[in-house]
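One file, structure-v6.txt, is given below (compact mmCIF, C-alpha atoms and all ligand atoms).
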# COMPACT_ATOMS: atom_id res chain seq x y z
CA MET D 109 -11.35 -13.66 16.71
CA ILE D 110 -13.56 -10.56 16.48
CA SER D 111 -11.04 -8.83 18.69
CA ARG D 112 -8.46 -9.29 15.90
CA SER D 113 -10.58 -8.21 12.96
CA PRO D 114 -13.46 -5.95 13.95
CA TRP D 115 -15.37 -4.60 10.97
CA LEU D 116 -17.22 -1.37 11.57
CA TYR D 117 -20.56 -0.07 10.41
CA HIS D 118 -21.35 3.58 11.00
CA PHE D 119 -24.86 4.95 11.45
CA ASN D 120 -25.69 8.62 12.00
CA SER D 121 -29.05 8.69 13.72
CA GLY D 122 -29.50 12.46 13.56
CA GLY D 123 -26.49 14.33 14.93
CA CYS D 124 -24.81 17.50 13.70
CA ASN D 125 -22.17 15.52 11.72
CA GLY D 126 -19.39 16.59 14.09
CA CYS D 127 -18.95 13.11 15.54
CA ASP D 128 -18.96 11.57 12.06
CA ILE D 129 -16.08 13.77 10.97
CA GLU D 130 -14.10 12.75 14.04
CA LEU D 131 -14.90 9.09 13.38
CA ILE D 132 -13.68 9.36 9.80
CA ALA D 133 -10.56 11.11 11.08
CA SER D 134 -9.81 8.12 13.29
CA ILE D 135 -9.92 5.80 10.27
CA ALA D 136 -8.06 8.12 7.90
CA PRO D 137 -4.25 8.61 7.78
CA GLY D 138 -2.85 10.05 10.98
CA PHE D 139 -4.70 7.70 13.31
CA ASP D 140 -5.30 4.67 11.07
CA LEU D 141 -7.67 2.24 12.78
CA GLU D 142 -6.71 -0.45 10.25
CA ARG D 143 -3.69 -1.18 12.45
CA LEU D 144 -6.19 -2.89 14.75
CA GLY D 145 -7.73 -4.71 11.79
CA CYS D 146 -10.73 -2.37 11.60
CA VAL D 147 -12.34 -1.87 8.21
CA LEU D 148 -15.30 0.40 7.56
CA LYS D 149 -17.94 -1.69 5.79
CA GLY D 150 -20.90 -0.49 3.78
CA SER D 151 -23.28 -3.28 4.73
CA PRO D 152 -24.35 -4.06 8.32
CA ARG D 153 -24.39 -7.75 7.43
CA HIS D 154 -20.62 -7.71 7.08
CA ALA D 155 -19.94 -5.76 10.25
CA ASP D 156 -19.20 -6.72 13.86
CA ILE D 157 -19.33 -3.32 15.53
CA LEU D 158 -22.16 -0.82 15.11
CA LEU D 159 -21.02 2.78 15.71
CA VAL D 160 -23.99 5.05 16.42
CA THR D 161 -23.69 8.83 16.49
CA GLY D 162 -26.44 11.39 17.02
CA CYS D 163 -29.54 11.65 19.21
CA VAL D 164 -31.80 9.01 17.55
CA THR D 165 -34.65 11.00 15.97
CA LYS D 166 -38.16 9.55 15.75
CA GLN D 167 -37.57 8.78 12.09
CA ALA D 168 -34.25 7.10 12.70
CA GLU D 169 -35.54 4.91 15.54
CA LYS D 170 -37.05 2.21 13.34
CA ARG D 171 -34.03 2.19 11.06
CA LEU D 172 -31.66 1.87 13.98
CA LYS D 173 -33.56 -1.20 15.25
CA ARG D 174 -33.55 -2.70 11.79
CA ILE D 175 -29.85 -2.13 11.26
CA TYR D 176 -29.14 -3.62 14.67
CA SER D 177 -31.07 -6.76 13.75
CA GLN D 178 -29.09 -7.06 10.51
CA LEU D 179 -25.74 -7.39 12.26
CA ALA D 180 -24.69 -11.03 12.53
CA GLU D 181 -23.99 -12.41 16.01
CA LYS D 182 -21.86 -11.62 17.83
CA LYS D 183 -22.20 -7.88 17.70
CA ILE D 184 -21.05 -4.87 19.67
CA VAL D 185 -22.68 -1.45 19.80
CA ILE D 186 -20.66 1.69 20.54
CA ALA D 187 -22.44 5.00 21.13
CA ILE D 188 -20.33 8.01 20.16
CA GLY D 189 -20.87 11.58 21.34
CA SER D 190 -23.00 13.35 23.93
CA CYS D 191 -26.01 13.20 21.62
CA ALA D 192 -25.95 9.41 21.49
CA LEU D 193 -25.33 9.15 25.24
CA SER D 194 -27.88 11.59 26.62
CA GLY D 195 -29.28 13.84 23.93
CA GLY D 196 -26.57 16.49 24.26
CA ALA D 197 -27.35 19.68 22.42
CA PHE D 198 -30.64 18.24 21.18
CA ARG D 199 -31.83 17.14 24.61
CA SER D 200 -35.08 19.10 24.60
CA SER D 201 -35.85 18.57 20.94
CA TYR D 202 -39.46 17.65 20.08
CA ASN D 203 -38.62 14.78 17.72
CA ARG D 204 -36.07 12.91 19.78
CA ALA D 205 -36.77 9.23 20.43
CA GLY D 206 -34.26 9.08 23.21
CA PRO D 207 -30.63 8.17 23.70
CA VAL D 208 -29.30 5.11 21.92
CA ASP D 209 -29.41 2.79 24.93
CA ARG D 210 -33.18 3.26 25.24
CA ILE D 211 -33.58 1.61 21.82
CA ILE D 212 -30.81 -0.98 21.48
CA PRO D 213 -28.33 -2.38 24.03
CA VAL D 214 -25.08 -0.39 24.08
CA ASP D 215 -21.75 -1.89 25.15
CA ILE D 216 -19.42 1.11 25.14
CA TYR D 217 -20.13 4.81 25.61
CA ILE D 218 -17.71 7.44 24.26
CA PRO D 219 -18.53 10.90 25.68
CA GLY D 220 -17.58 14.25 24.15
CA CYS D 221 -19.11 16.80 21.83
CA PRO D 222 -17.52 15.64 19.60
CA PRO D 223 -15.09 13.07 21.11
CA ARG D 224 -11.52 13.30 19.81
CA PRO D 225 -10.29 10.53 17.48
CA GLN D 226 -8.03 9.31 20.28
CA ALA D 227 -11.08 8.81 22.46
CA ILE D 228 -12.88 6.88 19.71
CA ILE D 229 -9.88 4.62 19.16
CA HIS D 230 -9.63 4.10 22.92
CA GLY D 231 -13.32 3.18 23.03
CA ILE D 232 -13.01 0.63 20.24
CA LYS D 233 -9.89 -0.84 21.83
CA THR D 234 -11.65 -1.16 25.19
CA ALA D 235 -14.56 -2.90 23.48
CA LEU D 236 -12.18 -5.38 21.87
CA GLU D 237 -10.37 -6.08 25.13
CA ARG D 238 -13.65 -6.82 26.88
CA LEU D 239 -14.44 -9.66 24.44
CA MET U 131 -3.12 -30.54 -6.99
CA ILE U 132 0.27 -29.05 -6.16
CA GLY U 133 -0.91 -25.70 -7.49
CA LEU U 134 -3.63 -25.66 -4.87
CA ALA U 135 -1.13 -26.23 -2.07
CA PHE U 136 0.71 -23.10 -3.19
CA ALA U 137 -2.40 -21.10 -4.03
CA LEU U 138 -3.82 -20.78 -0.54
CA PRO U 139 -0.81 -19.33 1.33
CA VAL U 140 0.24 -17.20 -1.63
CA SER U 141 -3.17 -15.64 -2.12
CA ILE U 142 -3.56 -14.96 1.60
CA PHE U 143 -0.16 -13.28 1.60
CA PHE U 144 -1.14 -11.27 -1.48
CA ASN U 145 -4.27 -10.02 0.22
CA TRP U 146 -2.21 -8.74 3.11
CA LEU U 147 0.29 -7.20 0.71
CA GLU U 148 -2.43 -5.40 -1.17
CA ARG U 149 -3.88 -3.90 1.99
CA LYS U 150 -0.44 -2.92 3.20
CA LEU U 151 0.47 -1.29 -0.11
CA ARG U 152 -2.80 0.57 -0.16
CA ALA U 153 -2.21 1.76 3.39
CA ARG U 154 1.37 2.84 2.69
CA SER U 155 0.26 4.73 -0.41
CA GLN U 156 -2.08 6.74 1.83
CA PHE U 157 0.63 7.25 4.52
CA ARG U 158 -1.05 4.84 6.90
CA ILE U 159 0.58 1.92 8.67
CA GLY U 160 -1.74 -0.86 7.58
CA PRO U 161 -2.82 -4.18 9.04
CA PRO U 162 -0.56 -6.83 10.62
CA LEU U 163 0.73 -9.77 8.59
CA LEU U 164 -1.81 -12.34 9.77
CA GLN U 165 -4.82 -10.05 9.21
CA PRO U 166 -6.39 -12.03 6.31
CA ILE U 167 -6.25 -15.22 8.39
CA TYR U 168 -7.89 -13.48 11.36
CA ASP U 169 -10.59 -12.16 9.03
CA LEU U 170 -11.30 -15.60 7.61
CA ILE U 171 -11.41 -17.32 11.01
CA LYS U 172 -13.69 -14.63 12.37
CA LEU U 173 -16.08 -14.85 9.42
CA PHE U 174 -16.27 -18.65 9.66
CA GLY U 175 -17.22 -18.33 13.33
CA LYS U 176 -20.00 -15.84 12.79
CA GLN U 177 -23.74 -16.34 12.40
CA ASN U 178 -24.99 -16.88 8.84
CA LEU U 179 -27.88 -14.42 8.54
CA ARG U 180 -30.55 -15.31 6.03
CA ASN U 181 -32.70 -12.74 4.33
CA ILE U 182 -36.30 -14.03 4.23
CA ARG U 183 -36.95 -12.29 0.91
CA ALA U 184 -33.88 -13.77 -0.75
CA SER U 185 -33.98 -17.05 -2.61
CA PRO U 186 -32.91 -20.19 -0.67
CA LEU U 187 -30.50 -20.92 -3.50
CA LEU U 188 -28.40 -18.03 -2.26
CA SER U 189 -26.57 -20.17 0.31
CA PHE U 190 -25.10 -22.39 -2.42
CA LEU U 191 -23.81 -19.59 -4.64
CA PRO U 192 -20.51 -19.02 -2.79
CA LEU U 193 -19.75 -22.69 -3.51
CA LEU U 194 -20.55 -22.15 -7.18
CA TYR U 195 -17.87 -19.46 -7.08
CA LEU U 196 -15.27 -21.39 -5.07
CA VAL U 197 -15.51 -24.83 -6.68
CA PRO U 198 -14.76 -23.85 -10.33
CA ILE U 199 -11.80 -21.76 -9.25
CA THR U 200 -10.28 -24.50 -7.06
CA LEU U 201 -10.89 -27.07 -9.80
CA LEU U 202 -9.13 -24.84 -12.28
CA ILE U 203 -6.14 -24.22 -10.03
CA SER U 204 -5.76 -27.89 -9.19
CA ARG U 205 -5.80 -28.86 -12.88
CA LEU U 206 -3.51 -26.13 -14.27
CA PRO U 207 0.19 -26.88 -14.70
CA PHE U 208 2.24 -25.29 -11.94
CA GLY U 209 6.01 -24.76 -12.15
CA PRO U 210 7.61 -28.07 -13.16
CA TRP U 211 4.46 -30.10 -12.42
CA PRO U 212 2.34 -30.88 -15.50
CA GLY U 213 -1.34 -30.04 -15.68
CA ASN U 214 -4.31 -31.81 -17.13
CA ILE U 215 -6.92 -29.50 -18.62
CA ASP U 216 -8.06 -28.28 -22.02
CA LEU U 217 -8.96 -24.77 -23.06
CA ILE U 218 -12.70 -25.40 -23.31
CA SER U 219 -12.85 -26.37 -19.63
CA ILE U 220 -10.89 -23.23 -18.75
CA PHE U 221 -13.42 -21.03 -20.54
CA PHE U 222 -16.28 -22.87 -18.91
CA LEU U 223 -14.90 -22.71 -15.37
CA LEU U 224 -13.91 -19.05 -15.65
CA ALA U 225 -17.36 -18.10 -16.93
CA LEU U 226 -19.04 -20.12 -14.18
CA ALA U 227 -17.31 -18.01 -11.54
CA SER U 228 -18.64 -14.78 -13.09
CA ILE U 229 -22.12 -16.24 -13.50
CA SER U 230 -22.22 -17.15 -9.82
CA SER U 231 -21.49 -13.58 -8.78
CA PHE U 232 -24.15 -12.32 -11.20
CA LEU U 233 -26.68 -14.80 -9.80
CA SER U 234 -25.89 -13.89 -6.20
CA GLY U 235 -26.74 -10.29 -7.03
CA VAL U 236 -30.03 -11.17 -8.71
CA LEU U 237 -31.19 -13.77 -6.19
CA SER U 238 -30.48 -11.64 -3.12
CA PHE U 239 -33.40 -9.32 -4.05
CA SER U 240 -31.63 -6.25 -2.76
CA PRO U 241 -31.34 -3.07 -4.85
CA TYR U 242 -27.58 -2.98 -4.37
CA GLY U 243 -27.29 -6.59 -5.40
CA TYR U 244 -29.48 -5.98 -8.42
CA PHE U 245 -27.43 -3.04 -9.63
CA GLY U 246 -24.22 -4.93 -8.97
CA ALA U 247 -25.52 -7.87 -10.99
CA ARG U 248 -26.51 -5.62 -13.89
CA ARG U 249 -23.09 -4.05 -13.97
CA GLU U 250 -21.45 -7.45 -13.65
CA LEU U 251 -23.36 -8.66 -16.70
CA LEU U 252 -22.52 -5.59 -18.78
CA GLN U 253 -18.89 -5.99 -17.80
CA LEU U 254 -18.99 -9.70 -18.62
CA VAL U 255 -20.29 -8.90 -22.10
CA SER U 256 -17.38 -6.51 -22.63
CA TYR U 257 -14.40 -8.46 -21.34
CA GLU U 258 -15.34 -12.08 -21.99
CA ALA U 259 -14.78 -12.05 -25.77
CA PRO U 260 -11.31 -10.41 -25.62
CA LEU U 261 -10.33 -12.72 -22.75
CA VAL U 262 -11.32 -15.84 -24.68
CA LEU U 263 -9.53 -14.63 -27.81
CA ALA U 264 -6.39 -13.78 -25.82
CA ILE U 265 -6.35 -17.30 -24.35
CA LEU U 266 -6.98 -18.76 -27.80
CA SER U 267 -4.11 -16.97 -29.57
CA PRO U 268 -1.18 -18.97 -28.12
CA ALA U 269 -3.21 -22.17 -28.56
CA ILE U 270 -3.75 -21.35 -32.24
CA LEU U 271 -0.11 -20.34 -32.69
CA TYR U 272 1.15 -23.65 -31.31
CA SER U 273 -1.86 -25.67 -32.60
CA ASP U 274 -2.39 -27.20 -29.18
CA PHE U 275 -5.60 -27.03 -27.17
CA PHE U 276 -4.48 -29.18 -24.27
CA LEU U 277 -2.59 -27.57 -21.40
CA ASP U 278 -0.34 -30.25 -19.93
CA ARG U 279 2.54 -27.79 -19.73
CA GLY U 280 3.02 -24.11 -20.45
CA PHE U 281 3.15 -22.72 -23.96
CA GLY U 282 6.41 -21.13 -25.03
CA PHE U 283 7.42 -17.51 -25.04
CA SER U 284 6.89 -15.60 -28.28
CA LEU U 285 7.21 -11.94 -29.29
CA ILE U 286 4.12 -12.15 -31.51
CA LEU U 287 1.98 -12.78 -28.45
CA HIS U 288 2.63 -9.45 -26.75
CA PRO U 289 -0.70 -7.88 -27.82
CA ALA U 290 -2.46 -10.96 -26.47
CA CYS U 291 -0.62 -10.45 -23.15
CA LEU U 292 -1.97 -6.90 -22.99
CA VAL U 293 -5.50 -7.99 -23.84
CA PHE U 294 -5.35 -10.78 -21.26
CA PHE U 295 -4.11 -8.41 -18.59
CA LEU U 296 -6.79 -5.78 -19.24
CA SER U 297 -9.57 -8.36 -19.37
CA SER U 298 -8.42 -10.00 -16.18
CA LEU U 299 -8.45 -6.61 -14.46
CA ALA U 300 -12.11 -6.39 -15.42
CA LYS U 301 -12.78 -9.99 -14.48
CA LEU U 302 -11.24 -9.54 -11.04
CA ARG U 303 -13.27 -6.35 -10.54
CA ARG U 304 -10.20 -4.21 -10.04
CA SER U 305 -10.17 -0.45 -10.46
CA PRO U 306 -10.66 1.17 -13.02
CA PHE U 307 -13.09 -1.67 -13.82
CA ASP U 308 -14.46 -2.23 -10.30
CA LEU U 309 -18.02 -1.27 -11.17
CA PRO U 310 -19.86 -4.38 -9.86
CA ASN U 311 -18.67 -3.91 -6.28
CA ALA U 312 -18.07 -0.17 -6.22
CA ILE U 313 -18.07 0.25 -2.47
CA GLN U 314 -18.82 4.00 -2.47
CA GLU U 315 -21.83 3.61 -4.77
CA ILE U 316 -23.54 0.26 -4.28
CA VAL U 317 -21.99 -1.07 -1.04
CA GLU U 318 -20.52 -4.42 -2.20
CA GLY U 319 -22.75 -5.03 -5.19
CA PRO U 320 -23.73 -8.70 -5.54
CA PHE U 321 -22.15 -9.61 -2.19
CA THR U 322 -23.99 -7.07 -0.02
CA GLU U 323 -26.38 -9.60 1.48
CA PHE U 324 -23.88 -12.25 2.53
CA SER U 325 -22.59 -12.62 6.04
CA GLY U 326 -20.49 -14.98 8.12
CA PRO U 327 -19.19 -18.20 6.50
CA ALA U 328 -20.72 -17.40 3.09
CA LEU U 329 -18.84 -14.13 2.98
CA ALA U 330 -15.65 -15.90 3.99
CA LEU U 331 -16.03 -18.32 1.07
CA ILE U 332 -16.61 -15.40 -1.31
CA HIS U 333 -13.51 -13.57 -0.12
CA LEU U 334 -11.49 -16.76 -0.39
CA SER U 335 -12.68 -17.36 -3.96
CA GLU U 336 -11.87 -13.78 -4.94
CA TRP U 337 -8.31 -14.20 -3.69
CA LEU U 338 -7.94 -17.57 -5.39
CA GLU U 339 -9.33 -16.14 -8.64
CA THR U 340 -6.55 -13.55 -8.65
CA PHE U 341 -3.98 -16.29 -8.17
CA CYS U 342 -5.60 -18.40 -10.85
CA LEU U 343 -5.57 -15.71 -13.55
CA SER U 344 -2.00 -14.65 -12.82
CA SER U 345 -0.93 -18.30 -12.95
CA LEU U 346 -2.78 -18.71 -16.25
CA PHE U 347 -0.94 -15.68 -17.62
CA TYR U 348 2.41 -17.32 -16.91
CA ILE U 349 1.36 -20.65 -18.40
CA LEU U 350 -0.03 -19.13 -21.58
CA PHE U 351 2.57 -16.50 -22.36
CA ILE U 352 5.85 -17.48 -20.65
CA GLY U 353 5.49 -21.13 -19.80
CA ILE U 354 8.99 -22.09 -18.64
CA PRO U 355 8.62 -25.08 -16.26
CA ASN U 356 10.39 -23.52 -13.30
CA LEU U 357 8.79 -23.04 -9.89
CA TRP U 358 10.59 -19.85 -8.87
CA LEU U 359 10.03 -18.15 -12.20
CA HIS U 360 6.36 -19.07 -11.98
CA LEU U 361 5.98 -17.61 -8.50
CA PHE U 362 7.95 -14.50 -9.45
CA SER U 363 5.77 -13.88 -12.48
CA ILE U 364 2.60 -14.30 -10.41
CA PHE U 365 4.01 -11.78 -7.97
CA CYS U 366 4.79 -9.24 -10.75
CA PHE U 367 1.34 -9.66 -12.30
CA PHE U 368 -0.27 -9.09 -8.93
CA LEU U 369 1.91 -6.08 -8.10
CA LEU U 370 1.11 -4.38 -11.40
CA MET U 371 -2.58 -5.06 -10.91
CA VAL U 372 -2.61 -3.63 -7.38
CA LEU U 373 -0.65 -0.54 -8.44
CA ILE U 374 -3.15 0.16 -11.22
CA ASP U 375 -5.97 -0.50 -8.75
CA ILE U 376 -4.56 2.04 -6.29
CA LEU U 377 -3.70 4.71 -8.85
CA THR U 378 -6.77 4.82 -11.09
CA PRO U 379 -10.31 6.06 -10.38
CA ARG U 380 -13.35 4.08 -11.45
CA TRP U 381 -14.64 4.38 -15.01
CA LYS U 382 -18.23 4.75 -16.09
CA ILE U 383 -19.85 1.71 -17.67
CA GLU U 384 -20.16 3.37 -21.12
CA ARG U 385 -16.48 4.19 -21.14
CA LEU U 386 -15.61 0.67 -20.08
CA MET U 387 -17.73 -0.89 -22.82
CA ARG U 388 -16.37 1.51 -25.44
CA PHE U 389 -12.81 0.74 -24.37
CA PHE U 390 -13.28 -3.01 -24.55
CA TRP U 391 -15.26 -3.06 -27.81
CA ILE U 392 -13.27 -0.40 -29.70
CA PHE U 393 -9.73 -1.03 -28.50
CA THR U 394 -9.37 -4.44 -26.85
CA PHE U 395 -11.67 -6.60 -28.93
CA PRO U 396 -10.27 -5.59 -32.40
CA LEU U 397 -6.75 -5.99 -31.04
CA ALA U 398 -7.59 -9.51 -29.89
CA VAL U 399 -9.20 -10.37 -33.26
CA ILE U 400 -6.16 -9.12 -35.20
CA GLU U 401 -3.89 -11.08 -32.84
CA VAL U 402 -5.83 -14.30 -33.40
CA GLY U 403 -5.71 -13.67 -37.17
CA ILE U 404 -1.94 -13.22 -37.11
CA CYS U 405 -1.46 -16.34 -34.99
CA TRP U 406 -3.67 -18.36 -37.31
CA TRP U 407 -1.77 -17.09 -40.37
CA LEU U 408 1.61 -17.87 -38.77
CA SER U 409 0.66 -21.35 -37.65
S1 LIG C 1 -22.31 14.97 20.20
FE1 LIG C 1 -21.93 17.07 19.55
S2 LIG C 1 -20.61 16.84 17.76
FE2 LIG C 1 -21.55 14.86 18.11
S3 LIG C 1 -23.35 14.83 16.83
FE3 LIG C 1 -24.00 15.56 18.84
S4 LIG C 1 -23.88 17.78 18.74
FE4 LIG C 1 -22.71 16.96 16.99
Any chance you could put this one into structure tokens?
Amino acid sequence: MISRSPWLYHFNSGGCNGCDIELIASIAPGFDLERLGCVLKGSPRHADILLVTGCVTKQAEKRLKRIYSQLAEKKIVIAIGSCALSGGAFRSSYNRAGPVDRIIPVDIYIPGCPPRPQAIIHGIKTALERL
Amino acid sequence: MIGLAFALPVSIFFNWLERKLRARSQFRIGPPLLQPIYDLIKLFGKQNLRNIRASPLLSFLPLLYLVPITLLISRLPFGPWPGNIDLISIFFLLALASISSFLSGVLSFSPYGYFGARRELLQLVSYEAPLVLAILSPAILYSDFFLDRGFGFSLILHPACLVFFLSSLAKLRRSPFDLPNAIQEIVEGPFTEFSGPALALIHLSEWLETFCLSSLFYILFIGIPNLWLHLFSIFCFFLLMVLIDILTPRWKIERLMRFFWIFTFPLAVIEVGICWWLS
């Protein structure tokens, strides 16, 4: 049933905020992810899908692991943006702990700097179809 | 018992309607009709995470919320079917539901839960007295403390209707009185730490509580034993509540307490006095 009512939790692990704006745009009027049953939740314990943006900084690494462990089974992780996938603009930064999939398992990658809301919606829909 | 058979589908439908109305008011499309059922089934199938710091009592608190509300609904008169409950039990069961949400905030040992519980308690102190007085006024007017069927309709009771409506907005944590689970400030307040089946029970009890209070409104202030009128009045009560919820921003706790203690509480006291004098 997760495919019918996926609840989202959003974590910015140290990006430039561009991806976050696009993610909010995909939930806001105009694109409206609630048609798919998605609701943005404030607590990871309520959520099914963890949306990670940004190039996990050294400080954010521990928090990302902790948030991942607070999601109830079964959970999906979606990495959004070039930063989360490979480091992107912050690739050679001194305080980068690595792309998201080096720290927690990632199910879906959405490339782009930042990805368009259509791409984010497509990514979430693909994740739901895979279930 | 018959009330309960109606309560579940009606409150699930209302939840969908609320989300749809909210979406339409923001020019969105909104969720499909069966969305609340999908949500519930999903939550029941999920893992129930337990916080090691939280008290083990925490797992029973959703039941402490659900059981009083279901008991209340099953005992209240519904449409043409008579009920079997007195006012003291109504006060007790309604308070028990609020206490359980306060306790779940305190016992979860999370800062959000703690702040939610504090706000819940402050809110409880403000709305509980007017709510009790508003329920008492028709009982005093008709000198009857046993609810086997609805009380009659009376013009004198209009202030009590208003007081009941405002207090139930606060009791149901609806905007502008949605301080305990202000999602932008303290995540979900007392319910932040729940997941899976426990969360499903909490959502279910919240929906049933809405149904219960709107049903109580009809029984206390209109009280004609007719099924369709009863359902229609529940629907109107709910619609008004959701519209206010969508249109108003959240108040600060001082403003809320001032409003309830300076405006609502004296109004309720005067109303009870008038009813007592008239009876
Ligand atoms: S991928 Fe681009 S837009 Fe997104 S956080 Fe990184 S730098 Fe910003």
Next on the checklist: Just want the 9 Å neighbourhood of Gly206 in chain D, counted on all atoms listed in the file, with same-chain residues fewer than 5 positions away dropped. Output as a PyMOL selection string.
Outcome noted: chain D and resi 163-166+169+192+194-195+199+211
Item to check | Point-to-point distance in Å for CA of Ala290 in chain U and CA of Asn311 in chain U | outcome: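 The value is 26.8 Å.
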Next on the checklist: Give me, as a PyMOL selection string, the residues of chain D touching chain U, with the criterion being at most 10 Å (counting all atoms listed in the file).
Outcome noted: chain D and resi 109-115+135-147+149-156+177-183
Checklist outcome for this item: Restricting to all atoms listed in the file, whichever of D:Gln167, D:Ser134, D:Ser201, D:Ser190 is closest to ligand LIG 1 (chain C) is D:Ser190
Next on the checklist: Counting all atoms listed in the file, what are the residues, protein, DNA or RNA alike, that approach ligand LIG 1 (chain C) to within 9 Å? I want them as a PyMOL selection string.
Outcome noted: chain D and resi 120-130+161-163+188-193+195-198+219-223
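Distance-wise, CA of Ile270 in chain U and CA of Glu339 in chain U end up 24.8 Å apart.
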Checklist entry - Contacts of range 407-409 of chain U at 8 Å or less, counting all atoms listed in the file, minus same-chain residues fewer than 6 places along, as a ChimeraX atom specification? => result /U:270-273
Next on the checklist: To one decimal place in Å, what is the distance between CA of Pro210 in chain U and CA of Ser345 in chain U?
Outcome noted: 13.0 Å
Item to check | From D:His230, D:Ala235, D:Ala205, D:Lys170, residue lying nearest Leu158 in chain D [all atoms listed in the file] | outcome: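 Comparing D:His230, D:Ala235, D:Ala205, D:Lys170 against Leu158 in chain D, the winner is D:Ala235.
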Checklist entry - Taking all atoms listed in the file into account, which of D:Ala168, D:Ile232, D:Leu148, D:Ile157 comes nearest Ile218 in chain D? => result D:Ile232
Centre and edge lengths, as lines of an AutoDock Vina configuration file, for the axis-aligned box enclosing every listed atom of range 214-218 of chain D with 5 Å of padding on each of the six sides, in Å to one decimal?
center_x = -21.4
center_y = 2.8
center_z = 24.8
size_x = 17.4
size_y = 19.3
size_z = 11.5
Nearby residues (only C-alpha atoms) at most 10 Å from Leu361 in chain U, same-chain spacing under 6 positions excluded, as an mmCIF file with C-alpha atoms, in the frame of the given file:
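File out-v2.cif, as written:
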data_model
loop_
_atom_site.group_PDB
_atom_site.id
_atom_site.type_symbol
_atom_site.label_atom_id
_atom_site.label_comp_id
_atom_site.auth_asym_id
_atom_site.auth_seq_id
_atom_site.Cartn_x
_atom_site.Cartn_y
_atom_site.Cartn_z
ATOM 1 C CA PHE U 136 0.710 -23.100 -3.190
ATOM 2 C CA VAL U 140 0.240 -17.200 -1.630
ATOM 3 C CA PHE U 208 2.240 -25.290 -11.940
ATOM 4 C CA GLY U 209 6.010 -24.760 -12.150
ATOM 5 C CA SER U 344 -2.000 -14.650 -12.820
ATOM 6 C CA SER U 345 -0.930 -18.300 -12.950
ATOM 7 C CA TYR U 348 2.410 -17.320 -16.910
ATOM 8 C CA PHE U 367 1.340 -9.660 -12.300
#
Next on the checklist: Which residues are near Pro241 in chain U? Cut-off 10 Å, all atoms listed in the file, ignore same chain within fewer than 4 positions. Put them as number ranges by chain.
Outcome noted: U: 235-236, 245-247, 316, 319-320, 322
Checklist entry - For Ser228 in chain U, which residue among U:Ser141, U:Ser335, U:Ser155, U:Asn356 is the nearest when counting all atoms listed in the file? => result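 Closest to Ser228 in chain U, using all atoms listed in the file: U:Ser335.
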Checklist entry - Using only C-alpha atoms, which of U:Ser238, U:Ser189, U:Ser305, U:Ser267 sits nearest Lys382 in chain U? => result U:Ser305
Item to check | Contact residues around Leu397 in chain U with all atoms listed in the file at 9 Å, ignoring same-chain residues under 2 positions, as a ChimeraX atom specification | outcome: /U:260,289-290,293,392-395,399-402
Item to check | Expected answer as a PyMOL selection string: all residues with atoms within 6 Å of (-12.0, -21.6, -12.4), all atoms listed in the file | outcome: chain U and resi 198-199+202+223-224
